[in-house]
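This is run06.cif (mmCIF, C-alpha atoms, pLDDT in the B column; chains and numbers go by the auth columns).
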data_query
#
loop_
_atom_site.group_PDB
_atom_site.id
_atom_site.type_symbol
_atom_site.label_atom_id
_atom_site.label_comp_id
_atom_site.label_asym_id
_atom_site.label_seq_id
_atom_site.Cartn_x
_atom_site.Cartn_y
_atom_site.Cartn_z
_atom_site.B_iso_or_equiv
_atom_site.auth_seq_id
_atom_site.auth_asym_id
ATOM 1 C CA MET A 1 -16.541 -18.001 -12.506 78.00 1 A
ATOM 2 C CA ILE A 2 -12.830 -17.867 -13.224 88.00 2 A
ATOM 3 C CA ASN A 3 -12.114 -16.393 -9.780 88.00 3 A
ATOM 4 C CA ALA A 4 -13.936 -19.341 -8.182 84.00 4 A
ATOM 5 C CA LEU A 5 -11.947 -21.828 -10.245 86.00 5 A
ATOM 6 C CA ASP A 6 -8.662 -20.107 -9.410 86.00 6 A
ATOM 7 C CA MET A 7 -9.591 -20.287 -5.707 82.00 7 A
ATOM 8 C CA ALA A 8 -10.468 -23.979 -6.075 79.00 8 A
ATOM 9 C CA LEU A 9 -7.092 -24.697 -7.709 80.00 9 A
ATOM 10 C CA LYS A 10 -5.263 -22.954 -4.865 80.00 10 A
ATOM 11 C CA ASN A 11 -7.023 -25.177 -2.302 74.00 11 A
ATOM 12 C CA LEU A 12 -6.308 -28.521 -3.974 72.00 12 A
ATOM 13 C CA THR A 13 -3.653 -30.721 -2.433 65.00 13 A
ATOM 14 C CA THR A 14 -2.732 -32.053 -5.890 69.00 14 A
ATOM 15 C CA ARG A 15 -3.057 -30.463 -9.304 74.00 15 A
ATOM 16 C CA PRO A 16 -5.817 -31.741 -11.573 74.00 16 A
ATOM 17 C CA ALA A 17 -4.586 -34.233 -14.137 75.00 17 A
ATOM 18 C CA GLU A 18 -3.943 -32.914 -17.644 76.00 18 A
ATOM 19 C CA GLY A 19 -7.163 -33.319 -19.600 78.00 19 A
ATOM 20 C CA THR A 20 -9.442 -32.893 -16.584 85.00 20 A
ATOM 21 C CA VAL A 21 -12.967 -32.365 -17.891 88.00 21 A
ATOM 22 C CA PHE A 22 -15.141 -29.405 -16.909 87.00 22 A
ATOM 23 C CA HIS A 23 -18.710 -30.149 -17.926 85.00 23 A
ATOM 24 C CA SER A 24 -21.236 -27.320 -18.102 85.00 24 A
ATOM 25 C CA ASP A 25 -24.282 -26.075 -19.862 84.00 25 A
ATOM 26 C CA ARG A 26 -23.956 -23.566 -22.708 86.00 26 A
ATOM 27 C CA GLY A 27 -24.184 -20.478 -20.513 87.00 27 A
ATOM 28 C CA ALA A 28 -22.317 -17.359 -21.611 91.00 28 A
ATOM 29 C CA GLN A 29 -19.781 -17.680 -18.788 91.00 29 A
ATOM 30 C CA TYR A 30 -18.770 -21.158 -20.056 91.00 30 A
ATOM 31 C CA THR A 31 -18.595 -20.283 -23.756 92.00 31 A
ATOM 32 C CA SER A 32 -16.743 -16.984 -23.351 95.00 32 A
ATOM 33 C CA GLY A 33 -13.301 -16.482 -24.832 95.00 33 A
ATOM 34 C CA GLU A 34 -11.954 -15.763 -21.354 95.00 34 A
ATOM 35 C CA PHE A 35 -13.146 -19.148 -20.061 95.00 35 A
ATOM 36 C CA VAL A 36 -11.871 -21.003 -23.142 94.00 36 A
ATOM 37 C CA GLU A 37 -8.464 -19.369 -22.603 95.00 37 A
ATOM 38 C CA TRP A 38 -8.457 -20.214 -18.863 93.00 38 A
ATOM 39 C CA CYS A 39 -9.201 -23.874 -19.649 92.00 39 A
ATOM 40 C CA GLY A 40 -6.393 -23.955 -22.195 91.00 40 A
ATOM 41 C CA ARG A 41 -3.884 -22.477 -19.738 90.00 41 A
ATOM 42 C CA HIS A 42 -4.804 -25.058 -17.085 88.00 42 A
ATOM 43 C CA GLY A 43 -5.093 -28.137 -19.317 88.00 43 A
ATOM 44 C CA VAL A 44 -8.835 -28.437 -18.724 90.00 44 A
ATOM 45 C CA ARG A 45 -10.969 -30.017 -21.427 91.00 45 A
ATOM 46 C CA ARG A 46 -14.389 -28.406 -21.848 91.00 46 A
ATOM 47 C CA SER A 47 -17.540 -30.465 -22.235 89.00 47 A
ATOM 48 C CA LEU A 48 -20.781 -28.686 -23.065 87.00 48 A
ATOM 49 C CA GLY A 49 -24.181 -30.272 -22.631 82.00 49 A
ATOM 50 C CA LYS A 50 -26.746 -30.220 -25.384 82.00 50 A
ATOM 51 C CA THR A 51 -29.199 -27.351 -25.320 81.00 51 A
ATOM 52 C CA GLY A 52 -32.373 -28.259 -23.433 76.00 52 A
ATOM 53 C CA VAL A 53 -31.142 -31.671 -22.239 76.00 53 A
ATOM 54 C CA CYS A 54 -31.135 -31.585 -18.440 72.00 54 A
ATOM 55 C CA PHE A 55 -29.645 -35.090 -18.171 76.00 55 A
ATOM 56 C CA ASP A 56 -26.324 -33.814 -19.526 75.00 56 A
ATOM 57 C CA ASN A 57 -25.961 -31.749 -16.362 76.00 57 A
ATOM 58 C CA ALA A 58 -27.398 -34.155 -13.790 80.00 58 A
ATOM 59 C CA VAL A 59 -24.441 -34.025 -11.375 77.00 59 A
ATOM 60 C CA ALA A 60 -24.259 -30.218 -11.473 79.00 60 A
ATOM 61 C CA GLU A 61 -28.029 -29.923 -11.027 82.00 61 A
ATOM 62 C CA SER A 62 -27.835 -32.331 -8.081 85.00 62 A
ATOM 63 C CA PHE A 63 -25.065 -30.219 -6.514 87.00 63 A
ATOM 64 C CA ASN A 64 -27.100 -27.031 -6.964 89.00 64 A
ATOM 65 C CA ALA A 65 -30.156 -28.634 -5.357 93.00 65 A
ATOM 66 C CA THR A 66 -28.074 -29.901 -2.423 94.00 66 A
ATOM 67 C CA TYR A 67 -26.396 -26.504 -1.979 96.00 67 A
ATOM 68 C CA LYS A 68 -29.742 -24.733 -1.870 97.00 68 A
ATOM 69 C CA LYS A 69 -31.355 -27.268 0.462 97.00 69 A
ATOM 70 C CA GLU A 70 -28.426 -27.662 2.868 96.00 70 A
ATOM 71 C CA LEU A 71 -27.184 -24.064 2.982 97.00 71 A
ATOM 72 C CA ILE A 72 -28.939 -21.338 0.990 96.00 72 A
ATOM 73 C CA HIS A 73 -32.490 -21.927 2.218 97.00 73 A
ATOM 74 C CA THR A 74 -31.557 -22.706 5.830 96.00 74 A
ATOM 75 C CA ARG A 75 -31.685 -19.056 6.962 96.00 75 A
ATOM 76 C CA PRO A 76 -31.845 -15.494 5.696 96.00 76 A
ATOM 77 C CA TRP A 77 -28.461 -14.050 4.693 97.00 77 A
ATOM 78 C CA ALA A 78 -27.872 -10.451 5.788 97.00 78 A
ATOM 79 C CA THR A 79 -25.112 -9.802 3.245 97.00 79 A
ATOM 80 C CA ILE A 80 -23.646 -11.434 0.184 95.00 80 A
ATOM 81 C CA ASN A 81 -20.277 -11.569 1.966 95.00 81 A
ATOM 82 C CA MET A 82 -21.814 -13.652 4.774 97.00 82 A
ATOM 83 C CA LEU A 83 -23.204 -16.050 2.177 96.00 83 A
ATOM 84 C CA ARG A 84 -19.890 -16.137 0.319 93.00 84 A
ATOM 85 C CA THR A 85 -18.021 -17.040 3.529 95.00 85 A
ATOM 86 C CA ALA A 86 -20.627 -19.640 4.510 97.00 86 A
ATOM 87 C CA THR A 87 -20.475 -21.135 1.015 95.00 87 A
ATOM 88 C CA PHE A 88 -16.698 -21.502 1.194 92.00 88 A
ATOM 89 C CA GLU A 89 -16.931 -23.124 4.635 95.00 89 A
ATOM 90 C CA TRP A 90 -19.743 -25.444 3.497 96.00 90 A
ATOM 91 C CA VAL A 91 -17.902 -26.564 0.353 93.00 91 A
ATOM 92 C CA GLU A 92 -14.395 -26.860 1.812 89.00 92 A
ATOM 93 C CA GLY A 93 -15.262 -27.913 5.350 92.00 93 A
ATOM 94 C CA TYR A 94 -18.245 -30.174 4.769 95.00 94 A
ATOM 95 C CA TYR A 95 -19.139 -30.990 1.168 94.00 95 A
ATOM 96 C CA ASN A 96 -15.619 -31.954 0.051 91.00 96 A
ATOM 97 C CA LYS A 97 -14.290 -33.466 3.277 93.00 97 A
ATOM 98 C CA THR A 98 -17.206 -35.031 5.174 94.00 98 A
ATOM 99 C CA ARG A 99 -20.233 -35.531 2.953 94.00 99 A
ATOM 100 C CA ARG A 100 -20.264 -38.833 1.063 93.00 100 A
ATOM 101 C CA HIS A 101 -21.222 -38.732 -2.633 89.00 101 A
ATOM 102 C CA SER A 102 -23.057 -41.502 -4.442 88.00 102 A
ATOM 103 C CA THR A 103 -21.418 -40.502 -7.738 85.00 103 A
ATOM 104 C CA LEU A 104 -18.017 -41.214 -6.113 90.00 104 A
ATOM 105 C CA GLY A 105 -18.987 -44.614 -4.720 92.00 105 A
ATOM 106 C CA TYR A 106 -19.886 -43.019 -1.373 93.00 106 A
ATOM 107 C CA LEU A 107 -16.421 -41.542 -0.925 94.00 107 A
ATOM 108 C CA THR A 108 -15.895 -37.878 -0.115 93.00 108 A
ATOM 109 C CA PRO A 109 -14.188 -35.766 -2.795 90.00 109 A
ATOM 110 C CA ALA A 110 -11.168 -35.509 -0.476 90.00 110 A
ATOM 111 C CA GLU A 111 -10.946 -39.304 -0.220 92.00 111 A
ATOM 112 C CA LYS A 112 -11.272 -39.658 -3.982 91.00 112 A
ATOM 113 C CA GLU A 113 -8.528 -37.075 -4.476 86.00 113 A
ATOM 114 C CA LEU A 114 -6.275 -39.099 -2.161 88.00 114 A
ATOM 115 C CA GLY A 115 -6.656 -42.050 -4.529 89.00 115 A
ATOM 116 C CA TYR A 116 -9.264 -44.192 -2.804 91.00 116 A
ATOM 117 C CA THR A 117 -11.600 -45.999 -5.166 91.00 117 A
ATOM 118 C CA TYR A 118 -13.852 -47.936 -2.750 89.00 118 A
ATOM 119 C CA ILE A 119 -15.328 -47.017 0.599 88.00 119 A
ATOM 120 C CA ASP A 120 -14.143 -50.296 2.134 87.00 120 A
ATOM 121 C CA GLN A 121 -10.539 -49.087 1.690 86.00 121 A
ATOM 122 C CA ILE A 122 -11.140 -46.549 4.437 84.00 122 A
ATOM 123 C CA ALA A 123 -10.725 -47.623 8.058 73.00 123 A
ATOM 124 C CA ALA A 124 -13.840 -47.288 10.197 60.00 124 A
#
What does this structure look like when you write it as structure tokens?
Amino acid sequence: MINALDMALKNLTTRPAEGTVFHSDRGAQYTSGEFVEWCGRHGVRRSLGKTGVCFDNAVAESFNATYKKELIHTRPWATINMLRTATFEWVEGYYNKTRRHSTLGYLTPAEKELGYTYIDQIAA
């Protein structure tokens, strides 16, 4: 988990704002001392959903469903390294830069990161 977050930070064009919120369920990887320390070092505020309340994690659950439908279940993966590489390419090359997100007002994450707030601010 922490390795993935470190990789994500390296690939951002701007640093996350102080107080950025990381919302998760109460899984062991998110409640561990190591993760709490990582969040503290990077100015990330933790937000944990209530146990057994799926609505607290709706955006994450939606991402997981999209990831499985659009990548994982599209073919058999011969090795975990092939899947890891494909996942990176899917997230960085498509999901963050091309795919529009309803939760972001139909902007891509890259557009949102650049400061756009409405899709009509983007030239056709």
Record the distance separating atom CA of A:Leu9 and atom CA of A:Cys39, expressed in Å with one decimal. 12.2 Å
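Within the file as shown, the PyMOL selection byres ((chain A and resi 87) around 12) identifies Ala4, Asn64, Tyr67, Lys68, Glu70, Leu71, Ile72, Trp77, Ile80, Asn81, Met82, Leu83, Arg84, Thr85, Ala86, Phe88, Glu89, Trp90, Val91, Glu92, Gly93, Tyr94, Tyr95 and Asn96 of chain A.
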Between A:Ile2, A:Ile122, A:Gly105, A:Val21, which residue has the minimum interatomic distance to A:Gly33, considering only C-alpha atoms? A:Ile2
What does the PyMOL selection byres ((chain A and resi 40-57) around 9) select in this file, as a PyMOL selection string? chain A and resi 16-26+30-31+35-39+58-62
Please enclose the listed atoms of stretch 71-85 of chain A in an axis-aligned box, pad each side by 6 Å, and write out the centre and the three edge lengths in Å, rounded to one decimal, as lines of an AutoDock Vina configuration file.
center_x = -25.3
center_y = -16.9
center_z = 3.6
size_x = 26.5
size_y = 26.3
size_z = 18.8
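If you look at atom CA of A:Ala28 and atom CA of A:Lys10, they are 24.5 Å away from each other.
Coordinates place atom CA of A:Thr74 at a distance of 20.3 Å from atom CA of A:Arg100.
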For the provided coordinates, the residues matched by the PyMOL selection byres ((chain A and resi 119) around 7) should be stated as a ChimeraX atom specification. /A:105-107,117-118,120-122
